[in-house]
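Structure below is entry_23.cif: mmCIF, C-alpha atoms.
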```cif
data_protein
#
loop_
_atom_site.group_PDB
_atom_site.id
_atom_site.type_symbol
_atom_site.label_atom_id
_atom_site.label_comp_id
_atom_site.auth_asym_id
_atom_site.auth_seq_id
_atom_site.Cartn_x
_atom_site.Cartn_y
_atom_site.Cartn_z
ATOM 1 C CA MET A 1 59.241 -2.938 53.703
ATOM 2 C CA GLN A 2 58.549 -5.083 50.656
ATOM 3 C CA PHE A 3 55.490 -6.569 52.400
ATOM 4 C CA ARG A 4 54.104 -3.135 53.206
ATOM 5 C CA ARG A 5 54.613 -1.996 49.621
ATOM 6 C CA THR A 6 52.894 -5.115 48.264
ATOM 7 C CA ALA A 7 50.005 -4.746 50.703
ATOM 8 C CA ALA A 8 49.561 -1.124 49.750
ATOM 9 C CA LEU A 9 49.437 -2.013 46.073
ATOM 10 C CA LEU A 10 46.885 -4.743 46.766
ATOM 11 C CA VAL A 11 44.601 -2.371 48.702
ATOM 12 C CA ALA A 12 44.820 0.159 45.882
ATOM 13 C CA ALA A 13 43.956 -2.510 43.327
ATOM 14 C CA ILE A 14 40.921 -3.648 45.328
ATOM 15 C CA ALA A 15 39.748 -0.070 45.808
ATOM 16 C CA GLY A 16 40.086 0.569 42.082
ATOM 17 C CA SER A 17 38.164 -2.585 41.303
ATOM 18 C CA LEU A 18 35.336 -1.597 43.642
ATOM 19 C CA ALA A 19 35.201 1.886 42.142
ATOM 20 C CA LEU A 20 34.860 0.473 38.655
ATOM 21 C CA THR A 21 32.163 -1.945 39.797
ATOM 22 C CA GLY A 22 30.243 0.931 41.313
ATOM 23 C CA CYS A 23 30.261 2.732 37.956
ATOM 24 C CA GLY A 24 28.507 -0.137 36.223
ATOM 25 C CA SER A 25 24.807 -0.724 35.564
ATOM 26 C CA ASP A 26 22.588 -2.087 38.320
ATOM 27 C CA SER A 27 21.155 -4.567 35.819
ATOM 28 C CA LYS A 28 22.102 -8.111 36.742
ATOM 29 C CA ASP A 29 21.786 -9.045 33.075
ATOM 30 C CA GLY A 30 24.328 -6.478 31.868
ATOM 31 C CA THR A 31 27.726 -7.474 30.574
ATOM 32 C CA GLN A 32 30.695 -5.313 31.482
ATOM 33 C CA ASP A 33 32.625 -3.349 28.878
ATOM 34 C CA LYS A 34 36.316 -2.494 29.155
ATOM 35 C CA ALA A 35 35.602 0.712 31.074
ATOM 36 C CA GLY A 36 33.690 -1.205 33.724
ATOM 37 C CA GLY A 37 30.214 0.002 32.685
ATOM 38 C CA SER A 38 27.447 -2.226 31.375
ATOM 39 C CA ASP A 39 27.072 -2.117 27.591
ATOM 40 C CA LYS A 40 23.996 -4.347 27.566
ATOM 41 C CA ARG A 41 20.870 -4.586 29.654
ATOM 42 C CA THR A 42 17.665 -6.584 29.524
ATOM 43 C CA VAL A 43 14.113 -5.213 29.344
ATOM 44 C CA THR A 44 10.752 -6.951 29.136
ATOM 45 C CA ASP A 45 8.600 -6.005 26.143
ATOM 46 C CA ALA A 46 4.795 -5.722 25.922
ATOM 47 C CA ASN A 47 4.561 -9.412 25.015
ATOM 48 C CA GLY A 48 6.396 -10.359 28.195
ATOM 49 C CA LYS A 49 9.543 -11.330 26.300
ATOM 50 C CA LYS A 50 13.050 -10.480 27.471
ATOM 51 C CA VAL A 51 15.035 -8.329 25.041
ATOM 52 C CA GLU A 52 18.718 -7.485 25.387
ATOM 53 C CA VAL A 53 19.264 -3.860 24.404
ATOM 54 C CA PRO A 54 22.216 -1.437 24.408
ATOM 55 C CA ALA A 55 22.662 0.306 27.755
ATOM 56 C CA ALA A 56 23.182 3.596 25.888
ATOM 57 C CA PRO A 57 21.759 3.242 22.349
ATOM 58 C CA LYS A 58 23.217 5.594 19.747
ATOM 59 C CA LYS A 59 21.269 4.736 16.584
ATOM 60 C CA VAL A 60 17.601 4.466 17.536
ATOM 61 C CA VAL A 61 14.757 3.919 15.076
ATOM 62 C CA THR A 62 11.171 4.602 16.187
ATOM 63 C CA LEU A 63 8.475 2.961 14.070
ATOM 64 C CA SER A 64 5.396 4.512 15.697
ATOM 65 C CA GLU A 65 4.200 7.981 16.624
ATOM 66 C CA PRO A 66 4.214 7.309 20.391
ATOM 67 C CA THR A 67 7.769 5.937 20.428
ATOM 68 C CA LEU A 68 9.039 8.876 18.358
ATOM 69 C CA ASP A 69 7.249 11.356 20.637
ATOM 70 C CA ALA A 70 8.621 9.623 23.739
ATOM 71 C CA ALA A 71 12.193 9.482 22.471
ATOM 72 C CA LEU A 72 12.206 13.173 21.555
ATOM 73 C CA ALA A 73 10.669 14.116 24.914
ATOM 74 C CA LEU A 74 13.588 12.336 26.575
ATOM 75 C CA GLY A 75 16.186 14.123 24.465
ATOM 76 C CA VAL A 76 16.868 11.195 22.128
ATOM 77 C CA GLU A 77 16.730 12.066 18.428
ATOM 78 C CA PRO A 78 16.143 8.900 16.393
ATOM 79 C CA ILE A 79 18.005 8.333 13.148
ATOM 80 C CA GLY A 80 14.870 6.797 11.611
ATOM 81 C CA ALA A 81 11.173 7.340 12.215
ATOM 82 C CA THR A 82 7.665 6.823 10.906
ATOM 83 C CA SER A 83 5.733 9.461 8.996
ATOM 84 C CA GLY A 84 2.717 11.065 10.636
ATOM 85 C CA ARG A 85 -0.788 10.057 9.630
ATOM 86 C CA GLY A 86 -1.583 11.693 6.308
ATOM 87 C CA GLN A 87 1.859 13.341 6.150
ATOM 88 C CA SER A 88 5.014 12.683 4.176
ATOM 89 C CA GLY A 89 7.305 13.599 7.062
ATOM 90 C CA VAL A 90 7.066 13.073 10.797
ATOM 91 C CA ALA A 91 3.970 14.421 12.559
ATOM 92 C CA SER A 92 4.209 18.191 12.158
ATOM 93 C CA TYR A 93 4.191 18.899 15.894
ATOM 94 C CA LEU A 94 7.428 16.861 16.153
ATOM 95 C CA ALA A 95 9.131 18.171 13.009
ATOM 96 C CA GLU A 96 11.267 20.795 14.738
ATOM 97 C CA LYS A 97 12.719 18.266 17.179
ATOM 98 C CA ALA A 98 13.173 15.452 14.634
ATOM 99 C CA LYS A 99 15.039 17.270 11.879
ATOM 100 C CA SER A 100 17.657 14.558 11.461
ATOM 101 C CA ALA A 101 15.305 11.589 11.420
ATOM 102 C CA LYS A 102 14.945 9.795 8.082
ATOM 103 C CA ILE A 103 11.524 8.417 7.209
ATOM 104 C CA VAL A 104 11.773 4.628 7.110
ATOM 105 C CA ALA A 105 8.112 3.715 7.688
ATOM 106 C CA ASN A 106 4.528 4.850 7.641
ATOM 107 C CA VAL A 107 1.771 3.711 9.992
ATOM 108 C CA ALA A 108 1.029 0.780 7.672
ATOM 109 C CA GLU A 109 4.492 -0.746 7.246
ATOM 110 C CA PRO A 110 8.250 -0.160 7.504
ATOM 111 C CA ASP A 111 10.705 -0.095 4.621
ATOM 112 C CA LEU A 112 12.986 -2.959 5.629
ATOM 113 C CA ASP A 113 15.641 -2.134 3.025
ATOM 114 C CA LYS A 114 15.989 1.449 4.263
ATOM 115 C CA LEU A 115 16.027 0.219 7.833
ATOM 116 C CA SER A 116 18.742 -2.323 7.157
ATOM 117 C CA ALA A 117 20.948 0.283 5.464
ATOM 118 C CA MET A 118 20.798 2.491 8.577
ATOM 119 C CA ARG A 119 22.274 -0.245 10.800
ATOM 120 C CA PRO A 120 20.317 0.776 13.926
ATOM 121 C CA ASP A 121 21.286 -0.486 17.353
ATOM 122 C CA LEU A 122 17.709 -0.309 18.743
ATOM 123 C CA ILE A 123 14.242 -0.427 17.140
ATOM 124 C CA LEU A 124 11.136 0.687 19.049
ATOM 125 C CA LEU A 125 7.510 0.190 18.035
ATOM 126 C CA ASP A 126 4.066 -0.552 19.436
ATOM 127 C CA GLU A 127 0.785 -2.021 18.248
ATOM 128 C CA THR A 128 -0.513 1.256 16.773
ATOM 129 C CA VAL A 129 1.387 0.520 13.535
ATOM 130 C CA GLY A 130 1.624 -2.241 10.957
ATOM 131 C CA ALA A 131 5.297 -2.825 11.741
ATOM 132 C CA LYS A 132 4.103 -5.095 14.556
ATOM 133 C CA ARG A 133 3.411 -7.747 11.882
ATOM 134 C CA VAL A 134 7.071 -8.008 10.891
ATOM 135 C CA GLN A 135 8.710 -8.035 14.311
ATOM 136 C CA ASP A 136 10.645 -11.206 13.527
ATOM 137 C CA LYS A 137 12.263 -9.521 10.512
ATOM 138 C CA LEU A 138 12.996 -6.405 12.532
ATOM 139 C CA LYS A 139 14.714 -8.459 15.213
ATOM 140 C CA GLY A 140 17.097 -9.675 12.526
ATOM 141 C CA LEU A 141 18.219 -6.077 12.000
ATOM 142 C CA ALA A 142 18.616 -4.881 15.600
ATOM 143 C CA PRO A 143 17.278 -5.434 19.127
ATOM 144 C CA THR A 144 13.551 -4.704 18.814
ATOM 145 C CA VAL A 145 11.242 -3.727 21.670
ATOM 146 C CA LEU A 146 7.445 -3.714 21.430
ATOM 147 C CA THR A 147 6.673 -1.040 24.003
ATOM 148 C CA ALA A 148 2.878 -1.265 24.245
ATOM 149 C CA LYS A 149 -0.226 -3.152 23.198
ATOM 150 C CA LEU A 150 -3.033 -1.407 21.310
ATOM 151 C CA ASN A 151 -5.048 0.974 23.543
ATOM 152 C CA ALA A 152 -2.528 0.728 26.380
ATOM 153 C CA PRO A 153 -2.538 3.809 28.663
ATOM 154 C CA TRP A 154 -0.195 6.342 27.095
ATOM 155 C CA LYS A 155 1.768 6.861 30.303
ATOM 156 C CA ASP A 156 2.492 3.125 30.553
ATOM 157 C CA ALA A 157 3.643 3.108 26.924
ATOM 158 C CA PHE A 158 5.878 6.102 27.567
ATOM 159 C CA THR A 159 7.402 4.537 30.675
ATOM 160 C CA ALA A 160 8.174 1.348 28.736
ATOM 161 C CA THR A 161 9.850 3.364 25.975
ATOM 162 C CA ALA A 162 11.870 5.324 28.528
ATOM 163 C CA ASP A 163 12.999 2.044 30.088
ATOM 164 C CA ALA A 164 14.070 0.646 26.713
ATOM 165 C CA LEU A 165 16.142 3.790 26.172
ATOM 166 C CA GLY A 166 17.759 3.517 29.610
ATOM 167 C CA LYS A 167 15.975 6.695 30.757
ATOM 168 C CA LYS A 168 13.269 5.390 33.090
ATOM 169 C CA ALA A 169 14.103 7.835 35.899
ATOM 170 C CA ASP A 170 13.969 10.757 33.453
ATOM 171 C CA GLY A 171 10.606 9.525 32.216
ATOM 172 C CA GLU A 172 9.170 9.337 35.722
ATOM 173 C CA LYS A 173 10.346 12.876 36.437
ATOM 174 C CA LEU A 174 8.778 14.150 33.218
ATOM 175 C CA LEU A 175 5.409 12.537 34.033
ATOM 176 C CA ALA A 176 5.438 13.945 37.555
ATOM 177 C CA GLY A 177 5.960 17.421 36.134
ATOM 178 C CA PHE A 178 3.163 16.938 33.624
ATOM 179 C CA ASP A 179 0.734 15.725 36.296
ATOM 180 C CA LYS A 180 1.516 18.839 38.337
ATOM 181 C CA GLN A 181 0.654 21.008 35.333
ATOM 182 C CA VAL A 182 -2.660 19.175 34.861
ATOM 183 C CA LYS A 183 -3.629 19.893 38.484
ATOM 184 C CA ASP A 184 -2.725 23.554 38.083
ATOM 185 C CA VAL A 185 -4.754 23.966 34.872
ATOM 186 C CA LYS A 186 -7.715 22.115 36.388
ATOM 187 C CA ALA A 187 -7.705 24.523 39.320
ATOM 188 C CA GLY A 188 -7.890 27.434 36.890
ATOM 189 C CA LEU A 189 -10.827 26.284 34.743
ATOM 190 C CA GLY A 190 -13.341 28.343 36.699
ATOM 191 C CA GLY A 191 -16.726 28.298 34.974
ATOM 192 C CA ASN A 192 -15.466 25.683 32.502
ATOM 193 C CA ALA A 193 -14.879 23.115 35.231
ATOM 194 C CA GLY A 194 -16.510 19.827 34.173
ATOM 195 C CA ALA A 195 -17.463 21.217 30.746
ATOM 196 C CA VAL A 196 -18.573 18.779 28.045
ATOM 197 C CA THR A 197 -15.618 18.694 25.680
ATOM 198 C CA SER A 198 -15.814 17.203 22.187
ATOM 199 C CA VAL A 199 -12.817 16.279 20.040
ATOM 200 C CA ILE A 200 -13.191 15.532 16.345
ATOM 201 C CA ARG A 201 -11.171 15.221 13.170
ATOM 202 C CA TRP A 202 -12.702 16.584 9.959
ATOM 203 C CA GLN A 203 -11.931 14.310 7.034
ATOM 204 C CA ASN A 204 -13.542 13.675 3.638
ATOM 205 C CA GLY A 205 -16.352 16.142 4.312
ATOM 206 C CA ALA A 206 -17.452 14.707 7.653
ATOM 207 C CA PRO A 207 -16.312 14.436 11.277
ATOM 208 C CA SER A 208 -14.716 11.483 13.031
ATOM 209 C CA VAL A 209 -14.471 11.053 16.773
ATOM 210 C CA VAL A 210 -10.913 10.845 18.127
ATOM 211 C CA GLY A 211 -9.271 10.965 21.524
ATOM 212 C CA LYS A 212 -11.320 8.366 23.370
ATOM 213 C CA GLY A 213 -10.066 6.005 26.056
ATOM 214 C CA LYS A 214 -6.754 6.305 27.880
ATOM 215 C CA GLY A 215 -4.693 7.832 25.099
ATOM 216 C CA HIS A 216 -3.008 11.185 25.591
ATOM 217 C CA VAL A 217 -6.175 13.135 24.714
ATOM 218 C CA GLY A 218 -8.753 11.176 26.708
ATOM 219 C CA ASP A 219 -6.468 10.795 29.706
ATOM 220 C CA THR A 220 -5.537 14.487 29.806
ATOM 221 C CA LEU A 221 -9.126 15.670 29.489
ATOM 222 C CA ALA A 222 -10.194 13.238 32.222
ATOM 223 C CA GLY A 223 -7.347 14.459 34.433
ATOM 224 C CA LEU A 224 -8.672 17.991 33.973
ATOM 225 C CA GLY A 225 -12.102 16.862 35.153
ATOM 226 C CA LEU A 226 -13.716 17.574 31.779
ATOM 227 C CA SER A 227 -16.549 15.352 30.590
ATOM 228 C CA ARG A 228 -17.152 14.041 27.065
ATOM 229 C CA PRO A 229 -20.241 13.698 24.854
ATOM 230 C CA LYS A 230 -21.952 10.316 25.246
ATOM 231 C CA ASP A 231 -20.532 8.921 21.994
ATOM 232 C CA GLN A 232 -16.982 9.896 22.998
ATOM 233 C CA GLN A 233 -16.913 7.875 26.196
ATOM 234 C CA GLY A 234 -15.305 4.465 26.696
ATOM 235 C CA GLU A 235 -12.634 2.874 24.536
ATOM 236 C CA SER A 236 -12.373 3.500 20.801
ATOM 237 C CA SER A 237 -13.097 0.708 18.338
ATOM 238 C CA GLY A 238 -10.340 2.090 16.113
ATOM 239 C CA HIS A 239 -8.053 5.083 15.768
ATOM 240 C CA SER A 240 -11.055 7.165 14.710
ATOM 241 C CA GLU A 241 -14.814 6.626 14.456
ATOM 242 C CA PRO A 242 -16.690 8.279 11.546
ATOM 243 C CA VAL A 243 -19.842 10.237 12.360
ATOM 244 C CA SER A 244 -22.743 10.582 9.938
ATOM 245 C CA LEU A 245 -23.674 14.138 8.969
ATOM 246 C CA GLU A 246 -27.210 13.232 10.061
ATOM 247 C CA ARG A 247 -25.864 12.830 13.611
ATOM 248 C CA LEU A 248 -23.864 16.027 13.977
ATOM 249 C CA ASP A 249 -25.562 16.678 17.312
ATOM 250 C CA SER A 250 -23.612 13.731 18.750
ATOM 251 C CA ILE A 251 -20.346 15.702 18.499
ATOM 252 C CA ASP A 252 -21.724 18.786 20.233
ATOM 253 C CA GLY A 253 -20.632 20.012 23.645
ATOM 254 C CA ASP A 254 -19.762 23.114 25.605
ATOM 255 C CA TRP A 255 -16.466 23.136 23.709
ATOM 256 C CA LEU A 256 -15.432 21.603 20.399
ATOM 257 C CA PHE A 257 -11.755 20.963 19.633
ATOM 258 C CA PHE A 258 -11.613 20.725 15.862
ATOM 259 C CA GLY A 259 -8.731 19.286 13.848
ATOM 260 C CA ALA A 260 -7.865 17.559 10.593
ATOM 261 C CA LEU A 261 -5.170 15.248 9.309
ATOM 262 C CA GLY A 262 -2.078 17.419 9.420
ATOM 263 C CA ASP A 263 -1.281 20.704 11.108
ATOM 264 C CA LYS A 264 -3.395 23.609 12.339
ATOM 265 C CA ALA A 265 -3.659 25.085 8.843
ATOM 266 C CA ALA A 266 -5.362 21.875 7.723
ATOM 267 C CA GLY A 267 -7.761 22.291 10.632
ATOM 268 C CA GLU A 268 -8.603 25.861 9.602
ATOM 269 C CA LYS A 269 -9.358 24.636 6.099
ATOM 270 C CA GLY A 270 -11.539 21.854 7.494
ATOM 271 C CA LEU A 271 -13.489 24.264 9.685
ATOM 272 C CA LYS A 272 -14.270 26.464 6.703
ATOM 273 C CA GLU A 273 -15.589 23.396 4.891
ATOM 274 C CA ALA A 274 -17.604 22.297 7.920
ATOM 275 C CA GLY A 275 -19.248 25.723 8.069
ATOM 276 C CA GLY A 276 -20.960 24.934 4.776
ATOM 277 C CA VAL A 277 -22.507 21.721 6.084
ATOM 278 C CA PRO A 278 -26.176 21.995 7.108
ATOM 279 C CA ASN A 279 -26.683 22.159 10.901
ATOM 280 C CA PHE A 280 -23.001 22.484 11.771
ATOM 281 C CA ASN A 281 -23.402 26.165 12.626
ATOM 282 C CA LYS A 282 -26.366 25.267 14.851
ATOM 283 C CA LEU A 283 -24.167 23.290 17.237
ATOM 284 C CA ARG A 284 -24.051 24.804 20.716
ATOM 285 C CA ALA A 285 -20.262 25.024 20.735
ATOM 286 C CA VAL A 286 -20.299 26.852 17.398
ATOM 287 C CA SER A 287 -22.980 29.331 18.407
ATOM 288 C CA LYS A 288 -21.087 30.092 21.648
ATOM 289 C CA HIS A 289 -17.829 30.608 19.702
ATOM 290 C CA HIS A 290 -16.325 27.722 21.607
ATOM 291 C CA VAL A 291 -14.710 25.978 18.627
ATOM 292 C CA VAL A 292 -10.945 25.647 18.978
ATOM 293 C CA VAL A 293 -8.926 24.748 15.894
ATOM 294 C CA ILE A 294 -6.101 22.428 16.920
ATOM 295 C CA ASP A 295 -2.961 20.923 15.434
ATOM 296 C CA GLY A 296 -4.402 17.601 14.364
ATOM 297 C CA SER A 297 -0.966 16.020 14.150
ATOM 298 C CA ALA A 298 -0.737 16.321 17.944
ATOM 299 C CA TRP A 299 -4.340 15.760 18.994
ATOM 300 C CA ASN A 300 -5.308 13.132 16.413
ATOM 301 C CA SER A 301 -2.154 11.025 16.524
ATOM 302 C CA SER A 302 -1.301 8.147 18.806
ATOM 303 C CA GLY A 303 0.983 10.330 20.841
ATOM 304 C CA GLY A 304 3.140 10.611 23.940
ATOM 305 C CA PRO A 305 4.144 13.343 26.393
ATOM 306 C CA LEU A 306 4.789 16.010 23.750
ATOM 307 C CA ALA A 307 1.337 15.455 22.232
ATOM 308 C CA ALA A 308 -0.221 15.450 25.711
ATOM 309 C CA GLN A 309 1.522 18.748 26.431
ATOM 310 C CA ALA A 310 0.018 20.213 23.246
ATOM 311 C CA VAL A 311 -3.448 19.109 24.392
ATOM 312 C CA LEU A 312 -2.947 20.618 27.835
ATOM 313 C CA ASP A 313 -1.621 23.891 26.422
ATOM 314 C CA ASP A 314 -4.576 24.236 24.018
ATOM 315 C CA VAL A 315 -7.125 23.573 26.766
ATOM 316 C CA LYS A 316 -5.424 26.028 29.103
ATOM 317 C CA SER A 317 -5.331 28.725 26.428
ATOM 318 C CA ALA A 318 -8.996 28.296 25.505
ATOM 319 C CA MET A 319 -10.695 27.372 28.760
ATOM 320 C CA ALA A 320 -8.682 28.448 31.788
ATOM 321 C CA LYS A 321 -9.261 31.752 33.528
ATOM 322 C CA LYS A 322 -7.062 34.509 32.201
ATOM 323 C CA GLY A 323 -4.886 36.536 34.586
#
```
Would you put the structure from the file into structure tokens?
Amino acid sequence: MQFRRTAALLVAAIAGSLALTGCGSDSKDGTQDKAGGSDKRTVTDANGKKVEVPAAPKKVVTLSEPTLDAALALGVEPIGATSGRGQSGVASYLAEKAKSAKIVANVAEPDLDKLSAMRPDLILLDETVGAKRVQDKLKGLAPTVLTAKLNAPWKDAFTATADALGKKADGEKLLAGFDKQVKDVKAGLGGNAGAVTSVIRWQNGAPSVVGKGKGHVGDTLAGLGLSRPKDQQGESSGHSEPVSLERLDSIDGDWLFFGALGDKAAGEKGLKEAGGVPNFNKLRAVSKHHVVVIDGSAWNSSGGPLAAQAVLDDVKSAMAKKG
């Protein structure tokens, strides 16, 4: 009887042990916490370096626009973030979702003192911001992951951020849903299929080309089968490329998506200013009433899935068949 009781207890103990093991992370690098789950995991950053990160980070800081966008898209609200280009707070298209995030950086540099005081457990950034120059100092504050190199495809950058947050499967599901939307909108473009589509930012009295390459704008427009003016093809030499007022014809197309630094109101103000510039009103897109004022904080940023969704929604509203 004693043997049977002992054997039964042993089987129960083994079963319990296996159950706890099954609840843990599938990462071989993870260490087990008291509950049997993994509290650490290892990811590979954009430099090919291994970084040990929390399995379920609670105090995330995002030091670039794409990492902030990605985190919010995945339901993670960072405690610290970077300000949007030309804005004092986060990019305006993200403001509603990032109400609790404190500004601890701008695109040029982070405030290390503010960062240190927040005691983050994970810092995310990429090469679109100046924080990349102080990665060694950031690593002294918390595990730090460089998610993407400059001009990396936005979907790759998003996937890397999702992985760092322990939400890779969620990220893949989100991208699959977005790709399905792109196919649906493309099928509904009708007479605008393949249209020449120009994207510019109005700043300091003149336009700049934005949205080239494989960022969220260029990639989404390409996925929709839309073409670009000659000077908006290929990779960008910088975040934006100024255009001389003597070459306004180079930004023309069947459609012109017009923004400014900041929100849609800033774009409306910029368009009014542009209307007073000689030859602007002679552009084909203007004469056809095919100028679409956009939220520049979404279109002109280095964005992620939320910015890409804004681009897709604007194109669908302006160019897809109604009804």
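Closest approach to Ala206 (chain A) among A:Gly223, A:Gly188, A:Ala176, A:Gly259 is made by A:Gly259 (distances from all atoms listed in the file).
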How would you write, as a count of residues only, the residues chosen by the PyMOL selection byres ((chain A and resi 222) around 12) on this structure?
-> 31
Taking the point (-24.2, 14.0, 14.6) as given in the file, collect each protein or nucleic acid residue that comes within 12 Å of it, counting all atoms listed in the file, and present the set as a PyMOL selection string.
-> chain A and resi 198+200+206-209+229-232+241-253+277-280+282-283
Near region 133-145 of chain A, within 9 Å and counting only C-alpha atoms, which residues show up once chain neighbours fewer than 4 positions away are dropped, as an MDAnalysis selection string?
-> chainID A and resid 43:46 51:54 109:110 112 115:116 119:127 129 161 164
Polymer residues at most 9 Å from region 291-303 of chain A, all atoms listed in the file, same-chain spacing of 3 or more positions, as a ChimeraX atom specification = /A:64-70,84-87,91-94,128,154,199-201,210-211,215-217,239-240,255-268,271,285-288,306-308,310-311,314-315,318
In Å, with one decimal, what is the gap from CA of Lys149 (chain A) to CA of Asn47 (chain A)?
->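 Value for the CA of Lys149 (chain A)-CA of Asn47 (chain A) distance: 8.1 Å.
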Would you work out the distance separating CA of Lys132 (chain A) from CA of Trp202 (chain A), expressed in Å to one decimal?
-> 27.8 Å
Interatomic distance, CA of Lys316 (chain A) to CA of Ala162 (chain A) (Å, one decimal) = 27.0 Å
With distances taken over all atoms listed in the file, which of A:Glu96, A:Asp184, A:Asp170, A:Glu235 is nearest to Ala152 (chain A)?
-> A:Glu235
Within 8 Å of Ser83 (chain A), counting all atoms listed in the file, which residues qualify if same-chain residues fewer than 4 places away don't, as an NGL selection string?
-> :A and (65 or 87-91 or 103-107)
